[in-house]
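Here is the structure we will look at, set down as structure tokens.
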Amino acid sequence: MYGRNELIARYIKLRTGKTRTRKQVSSHIQVLAKRTSREIQKQFKVGQDQSAKDKALQSMAAMSSAQIVSATALQNKAAAAAFGLPPLGVPSAPIRHAYGTAQAPLWQPGLTQAGSSIDIKPCSGAAAHPYAPVTSMVANFYNSIKPFSGAPPQPYAPVASTVGDYATSVTPQSIAPSGEGRSIGTRKLRLVEFQAFLEHQRENDNYSKHLFVHLGSNATYSDHVLEAIDVRQIYDKFPEKKGGLKDLYDKGPPEAFYLVKFWADLNTTLSEDTSAFYGVSSLYESMEDMTISCSTKVCSFGKQVVEKVENEFPRFENNRYMYRINRSPMCEYMINFIHKLKHLPEKYMMNSVLENFTILQVVSNRDTHETLLCIAFVFEVSTSEHGAQHHIYRLVKD
């Protein structure tokens, strides 16, 4: 079991890649609480009734540091009313970011969502909680999507995809040499490109394509080595039984496991007409001739909802074996999920929902069942005008 500060430290690691101890978290909460208390006292009007002031100060004194900070961060109207004040805003002091590396712009979108750092879990029979409205919204969101409610996960039948002459944005000639530990791959298999998209057919047989997420592998030896995250920090976001993340990692090999944080681009008009195509394409390369099996599991609150399995055969190109899974149709659950997510009025609500939504993709040798790659995907909504963004980590067990 995790305590409050341990959960916050874990979330900081996932969100920013920075390691913070629970004592550091506790100390920072206390500093924020003192700052907030001072701001509250400054907002009392000079002519305000003294008894109202005393009552508000007594209420504040009974609150813990975390409650004071939460009341500020969430603009809790009830707490503000108890103080006789308008809802509190963000502290006036400037925010100092703890990163100054080349990756700083990548992390910026993930740090601008108010309230997005709350790890919301469903809780039945518990006492009233200040985050209850948001928790209820998340629960209602998931329960409204089929087949999540009442139906067990139903895997798709394995299919052998036929690769046509579909033009991808990455060709063998454009694949840059990868430095070991700098991209998603092992000595046996490497991910070259991954994308999830919406395609519309326009007039005169023209097509427009919107990328929800996109990952291209153009790593070189001059790039930084990927940061590492302890795999145990995300065990609870994926199935625990056979075939889950923990089971797979225990079997290894450890160098095949990665975490990708996506900031998905939802800045598009969704359509339900027949001309709209929701799909996923991926490209892998290897020096070995084998048949790969790609399993994609969609998970909600750590439980598998649906699974899709595809088998792919190699094509020998430019002295390597290429595996293309092109324009694989999204399942109905994913399409409904995207539509309902898009209809939420605020981005922080979308991110609260995405806190409990993950995808686990496992690529294995179809004949030997050896795990070649295992990629855990977590998501937020992009706020950048440049579209979808991502960050890659190695999963380790220290």
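Convention: chains lettered A, B, ... in structure tokens order; per-chain residue numbering from 1; ligands numbered from 1 as shown.
The protein and nucleic acid residues lying at most 12 Å from Ser271 in chain A are Leu198, Glu199, His200, Gln201, His210, Ser275, Ala276, Phe277, Tyr278, Ile335, Asn336, Ile338, His339 and Lys342 of chain A, with only C-alpha atoms considered and sequence neighbours fewer than 4 positions away removed.
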May I have the residues from that selection written out with N, CA, C and O atoms, as a PDB file, in the first residue's frame?
ATOM      1  N   LEU A 198      -7.160   9.346 -37.578  1.00  0.00           N
ATOM      2  CA  LEU A 198      -8.494   9.451 -38.149  1.00  0.00           C
ATOM      3  C   LEU A 198      -8.339   9.945 -39.569  1.00  0.00           C
ATOM      4  O   LEU A 198      -7.668  10.949 -39.821  1.00  0.00           O
ATOM      5  N   GLU A 199      -8.963   9.241 -40.504  1.00  0.00           N
ATOM      6  CA  GLU A 199      -8.838   9.605 -41.906  1.00  0.00           C
ATOM      7  C   GLU A 199     -10.223   9.885 -42.485  1.00  0.00           C
ATOM      8  O   GLU A 199     -11.146   9.074 -42.339  1.00  0.00           O
ATOM      9  N   HIS A 200     -10.360  11.044 -43.133  1.00  0.00           N
ATOM     10  CA  HIS A 200     -11.619  11.440 -43.764  1.00  0.00           C
ATOM     11  C   HIS A 200     -11.444  11.418 -45.274  1.00  0.00           C
ATOM     12  O   HIS A 200     -10.419  11.843 -45.797  1.00  0.00           O
ATOM     13  N   GLN A 201     -12.478  10.946 -45.963  1.00  0.00           N
ATOM     14  CA  GLN A 201     -12.482  11.027 -47.413  1.00  0.00           C
ATOM     15  C   GLN A 201     -13.179  12.303 -47.833  1.00  0.00           C
ATOM     16  O   GLN A 201     -14.330  12.564 -47.480  1.00  0.00           O
ATOM     17  N   HIS A 210      -5.643  12.911 -39.620  1.00  0.00           N
ATOM     18  CA  HIS A 210      -5.311  13.531 -38.334  1.00  0.00           C
ATOM     19  C   HIS A 210      -4.671  12.483 -37.435  1.00  0.00           C
ATOM     20  O   HIS A 210      -5.218  11.401 -37.241  1.00  0.00           O
ATOM     21  N   SER A 275     -17.488   7.540 -44.135  1.00  0.00           N
ATOM     22  CA  SER A 275     -16.232   7.903 -44.787  1.00  0.00           C
ATOM     23  C   SER A 275     -15.093   8.079 -43.800  1.00  0.00           C
ATOM     24  O   SER A 275     -13.936   8.200 -44.200  1.00  0.00           O
ATOM     25  N   ALA A 276     -15.400   8.117 -42.496  1.00  0.00           N
ATOM     26  CA  ALA A 276     -14.360   8.286 -41.479  1.00  0.00           C
ATOM     27  C   ALA A 276     -13.754   6.935 -41.127  1.00  0.00           C
ATOM     28  O   ALA A 276     -14.470   5.977 -40.835  1.00  0.00           O
ATOM     29  N   PHE A 277     -12.424   6.867 -41.141  1.00  0.00           N
ATOM     30  CA  PHE A 277     -11.727   5.624 -40.818  1.00  0.00           C
ATOM     31  C   PHE A 277     -10.787   5.867 -39.638  1.00  0.00           C
ATOM     32  O   PHE A 277      -9.906   6.731 -39.691  1.00  0.00           O
ATOM     33  N   TYR A 278     -10.992   5.113 -38.569  1.00  0.00           N
ATOM     34  CA  TYR A 278     -10.121   5.171 -37.389  1.00  0.00           C
ATOM     35  C   TYR A 278      -9.173   3.979 -37.461  1.00  0.00           C
ATOM     36  O   TYR A 278      -9.622   2.820 -37.486  1.00  0.00           O
ATOM     37  N   ILE A 335     -13.132   3.654 -30.507  1.00  0.00           N
ATOM     38  CA  ILE A 335     -13.790   4.739 -31.222  1.00  0.00           C
ATOM     39  C   ILE A 335     -14.796   5.443 -30.307  1.00  0.00           C
ATOM     40  O   ILE A 335     -14.846   6.683 -30.238  1.00  0.00           O
ATOM     41  N   ASN A 336     -15.602   4.660 -29.574  1.00  0.00           N
ATOM     42  CA  ASN A 336     -16.554   5.251 -28.630  1.00  0.00           C
ATOM     43  C   ASN A 336     -15.842   6.024 -27.528  1.00  0.00           C
ATOM     44  O   ASN A 336     -16.290   7.091 -27.095  1.00  0.00           O
ATOM     45  N   ILE A 338     -12.939   7.586 -27.692  1.00  0.00           N
ATOM     46  CA  ILE A 338     -12.441   8.860 -28.224  1.00  0.00           C
ATOM     47  C   ILE A 338     -13.571   9.869 -28.356  1.00  0.00           C
ATOM     48  O   ILE A 338     -13.420  11.043 -28.000  1.00  0.00           O
ATOM     49  N   HIS A 339     -14.719   9.426 -28.837  1.00  0.00           N
ATOM     50  CA  HIS A 339     -15.851  10.338 -29.001  1.00  0.00           C
ATOM     51  C   HIS A 339     -16.321  10.883 -27.655  1.00  0.00           C
ATOM     52  O   HIS A 339     -16.576  12.092 -27.525  1.00  0.00           O
ATOM     53  N   LYS A 342     -13.766  13.326 -26.221  1.00  0.00           N
ATOM     54  CA  LYS A 342     -13.788  14.602 -26.936  1.00  0.00           C
ATOM     55  C   LYS A 342     -14.948  15.488 -26.472  1.00  0.00           C
ATOM     56  O   LYS A 342     -14.843  16.727 -26.479  1.00  0.00           O
TER      57      LYS A 342
END
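Closest approach to Leu283 in chain A from the set A:Arg10, A:Lys237, A:His214, A:Arg20 is made by A:His214, with distances taken over only C-alpha atoms.
For the residues A:Val225, A:Ile392, A:Val309, A:Ile292, ranking by smallest atom-to-atom distance to Thr368 in chain A using only C-alpha atoms places A:Ile292 first.
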* Structure fact -> re CA of Glu255 in chain A and CA of Glu317 in chain A: distance 25.7 Å
Got a sec: who's within 8 Å of Val231 in chain A, counting only C-alpha atoms, leaving out chain neighbours fewer than 4 positions off, as a PDB file with all heavy atoms, in the first residue's frame?
ATOM      1  N   TYR A 235       2.615  -1.111 -12.067  1.00  0.00           N
ATOM      2  CA  TYR A 235       1.966  -2.427 -12.070  1.00  0.00           C
ATOM      3  C   TYR A 235       0.444  -2.313 -11.938  1.00  0.00           C
ATOM      4  O   TYR A 235      -0.308  -3.046 -12.579  1.00  0.00           O
ATOM      5  CB  TYR A 235       2.502  -3.276 -10.915  1.00  0.00           C
ATOM      6  CG  TYR A 235       3.779  -4.041 -11.223  1.00  0.00           C
ATOM      7  CD1 TYR A 235       4.522  -4.626 -10.193  1.00  0.00           C
ATOM      8  CD2 TYR A 235       4.242  -4.191 -12.520  1.00  0.00           C
ATOM      9  CE1 TYR A 235       5.682  -5.324 -10.465  1.00  0.00           C
ATOM     10  CE2 TYR A 235       5.409  -4.889 -12.791  1.00  0.00           C
ATOM     11  CZ  TYR A 235       6.136  -5.453 -11.757  1.00  0.00           C
ATOM     12  OH  TYR A 235       7.283  -6.154 -12.023  1.00  0.00           O
ATOM     13  N   LEU A 395      11.809   0.635 -18.806  1.00  0.00           N
ATOM     14  CA  LEU A 395      11.252   0.072 -17.577  1.00  0.00           C
ATOM     15  C   LEU A 395      12.282  -0.852 -16.952  1.00  0.00           C
ATOM     16  O   LEU A 395      12.780  -1.772 -17.604  1.00  0.00           O
ATOM     17  CB  LEU A 395       9.960  -0.688 -17.868  1.00  0.00           C
ATOM     18  CG  LEU A 395       8.753   0.186 -18.238  1.00  0.00           C
ATOM     19  CD1 LEU A 395       7.562  -0.683 -18.616  1.00  0.00           C
ATOM     20  CD2 LEU A 395       8.384   1.120 -17.078  1.00  0.00           C
ATOM     21  N   VAL A 396      12.604  -0.572 -15.699  1.00  0.00           N
ATOM     22  CA  VAL A 396      13.619  -1.352 -14.994  1.00  0.00           C
ATOM     23  C   VAL A 396      13.061  -1.787 -13.644  1.00  0.00           C
ATOM     24  O   VAL A 396      12.000  -1.338 -13.220  1.00  0.00           O
ATOM     25  CB  VAL A 396      14.913  -0.522 -14.781  1.00  0.00           C
ATOM     26  CG1 VAL A 396      15.518  -0.098 -16.126  1.00  0.00           C
ATOM     27  CG2 VAL A 396      14.643   0.710 -13.918  1.00  0.00           C
ATOM     28  N   LYS A 397      13.776  -2.637 -12.992  1.00  0.00           N
ATOM     29  CA  LYS A 397      13.436  -3.046 -11.623  1.00  0.00           C
ATOM     30  C   LYS A 397      14.709  -2.950 -10.798  1.00  0.00           C
ATOM     31  O   LYS A 397      15.574  -3.822 -10.839  1.00  0.00           O
ATOM     32  CB  LYS A 397      12.867  -4.467 -11.575  1.00  0.00           C
ATOM     33  CG  LYS A 397      12.370  -4.880 -10.197  1.00  0.00           C
ATOM     34  CD  LYS A 397      11.872  -6.313 -10.195  1.00  0.00           C
ATOM     35  CE  LYS A 397      10.548  -6.453 -10.890  1.00  0.00           C
ATOM     36  NZ  LYS A 397       9.987  -7.819 -10.745  1.00  0.00           N
TER      37      LYS A 397
END
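Comparing the minimum interatomic distances between His386 in chain A and each of A:Asp273, A:Glu312, A:Asp54, A:Asp265, counting only C-alpha atoms, we find that A:Asp265 sits nearest.
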* To do: May I have all residues of range 268-360 of chain A that DSSP, computed from the backbone, assigns to strand (DSSP E), given as an MDAnalysis selection string?
  => chainID A and resid 277:286 292:300 303:312 315:317 320:329 357:360
Can I get the selection written as an mmCIF file, in the first residue's frame, with C-alpha atoms?
data_model
loop_
_atom_site.group_PDB
_atom_site.id
_atom_site.type_symbol
_atom_site.label_atom_id
_atom_site.label_comp_id
_atom_site.auth_asym_id
_atom_site.auth_seq_id
_atom_site.Cartn_x
_atom_site.Cartn_y
_atom_site.Cartn_z
ATOM 1 C CA PHE A 277 -11.727 5.624 -40.818
ATOM 2 C CA TYR A 278 -10.121 5.171 -37.389
ATOM 3 C CA GLY A 279 -6.934 3.159 -37.667
ATOM 4 C CA VAL A 280 -3.539 2.223 -36.253
ATOM 5 C CA SER A 281 -0.339 1.634 -38.219
ATOM 6 C CA SER A 282 3.000 0.376 -36.982
ATOM 7 C CA LEU A 283 6.339 -0.557 -38.514
ATOM 8 C CA TYR A 284 9.061 -2.795 -37.069
ATOM 9 C CA GLU A 285 12.442 -3.949 -38.323
ATOM 10 C CA SER A 286 14.648 -6.916 -37.493
ATOM 11 C CA ILE A 292 5.635 -11.784 -35.123
ATOM 12 C CA SER A 293 2.443 -11.687 -33.093
ATOM 13 C CA CYS A 294 1.275 -8.260 -31.889
ATOM 14 C CA SER A 295 -1.166 -8.199 -28.946
ATOM 15 C CA THR A 296 -2.766 -4.866 -28.011
ATOM 16 C CA LYS A 297 -4.692 -4.763 -24.724
ATOM 17 C CA VAL A 298 -6.855 -1.788 -23.794
ATOM 18 C CA CYS A 299 -7.072 -1.428 -20.002
ATOM 19 C CA SER A 300 -9.386 0.546 -17.731
ATOM 20 C CA LYS A 303 -8.343 -4.288 -15.915
ATOM 21 C CA GLN A 304 -8.290 -5.563 -19.479
ATOM 22 C CA VAL A 305 -11.282 -4.383 -21.527
ATOM 23 C CA VAL A 306 -10.520 -5.685 -25.015
ATOM 24 C CA GLU A 307 -7.614 -7.308 -26.828
ATOM 25 C CA LYS A 308 -6.629 -7.389 -30.479
ATOM 26 C CA VAL A 309 -4.084 -9.890 -31.830
ATOM 27 C CA GLU A 310 -2.435 -9.585 -35.240
ATOM 28 C CA ASN A 311 0.164 -11.800 -36.906
ATOM 29 C CA GLU A 312 2.619 -10.279 -39.346
ATOM 30 C CA ARG A 315 9.376 -8.570 -46.081
ATOM 31 C CA PHE A 316 13.081 -8.467 -46.840
ATOM 32 C CA GLU A 317 14.084 -4.930 -47.774
ATOM 33 C CA ARG A 320 16.660 -6.269 -43.096
ATOM 34 C CA TYR A 321 13.237 -7.730 -42.409
ATOM 35 C CA MET A 322 10.395 -5.228 -42.231
ATOM 36 C CA TYR A 323 7.063 -5.855 -40.467
ATOM 37 C CA ARG A 324 4.219 -3.526 -41.445
ATOM 38 C CA ILE A 325 0.826 -3.503 -39.778
ATOM 39 C CA ASN A 326 -0.937 -0.913 -41.907
ATOM 40 C CA ARG A 327 -4.328 0.682 -41.370
ATOM 41 C CA SER A 328 -5.463 -1.781 -38.752
ATOM 42 C CA PRO A 329 -9.040 -0.732 -37.840
ATOM 43 C CA PHE A 357 -6.837 4.409 -19.231
ATOM 44 C CA THR A 358 -3.761 2.524 -20.479
ATOM 45 C CA ILE A 359 -2.714 0.295 -23.359
ATOM 46 C CA LEU A 360 -0.286 -2.625 -23.210
#
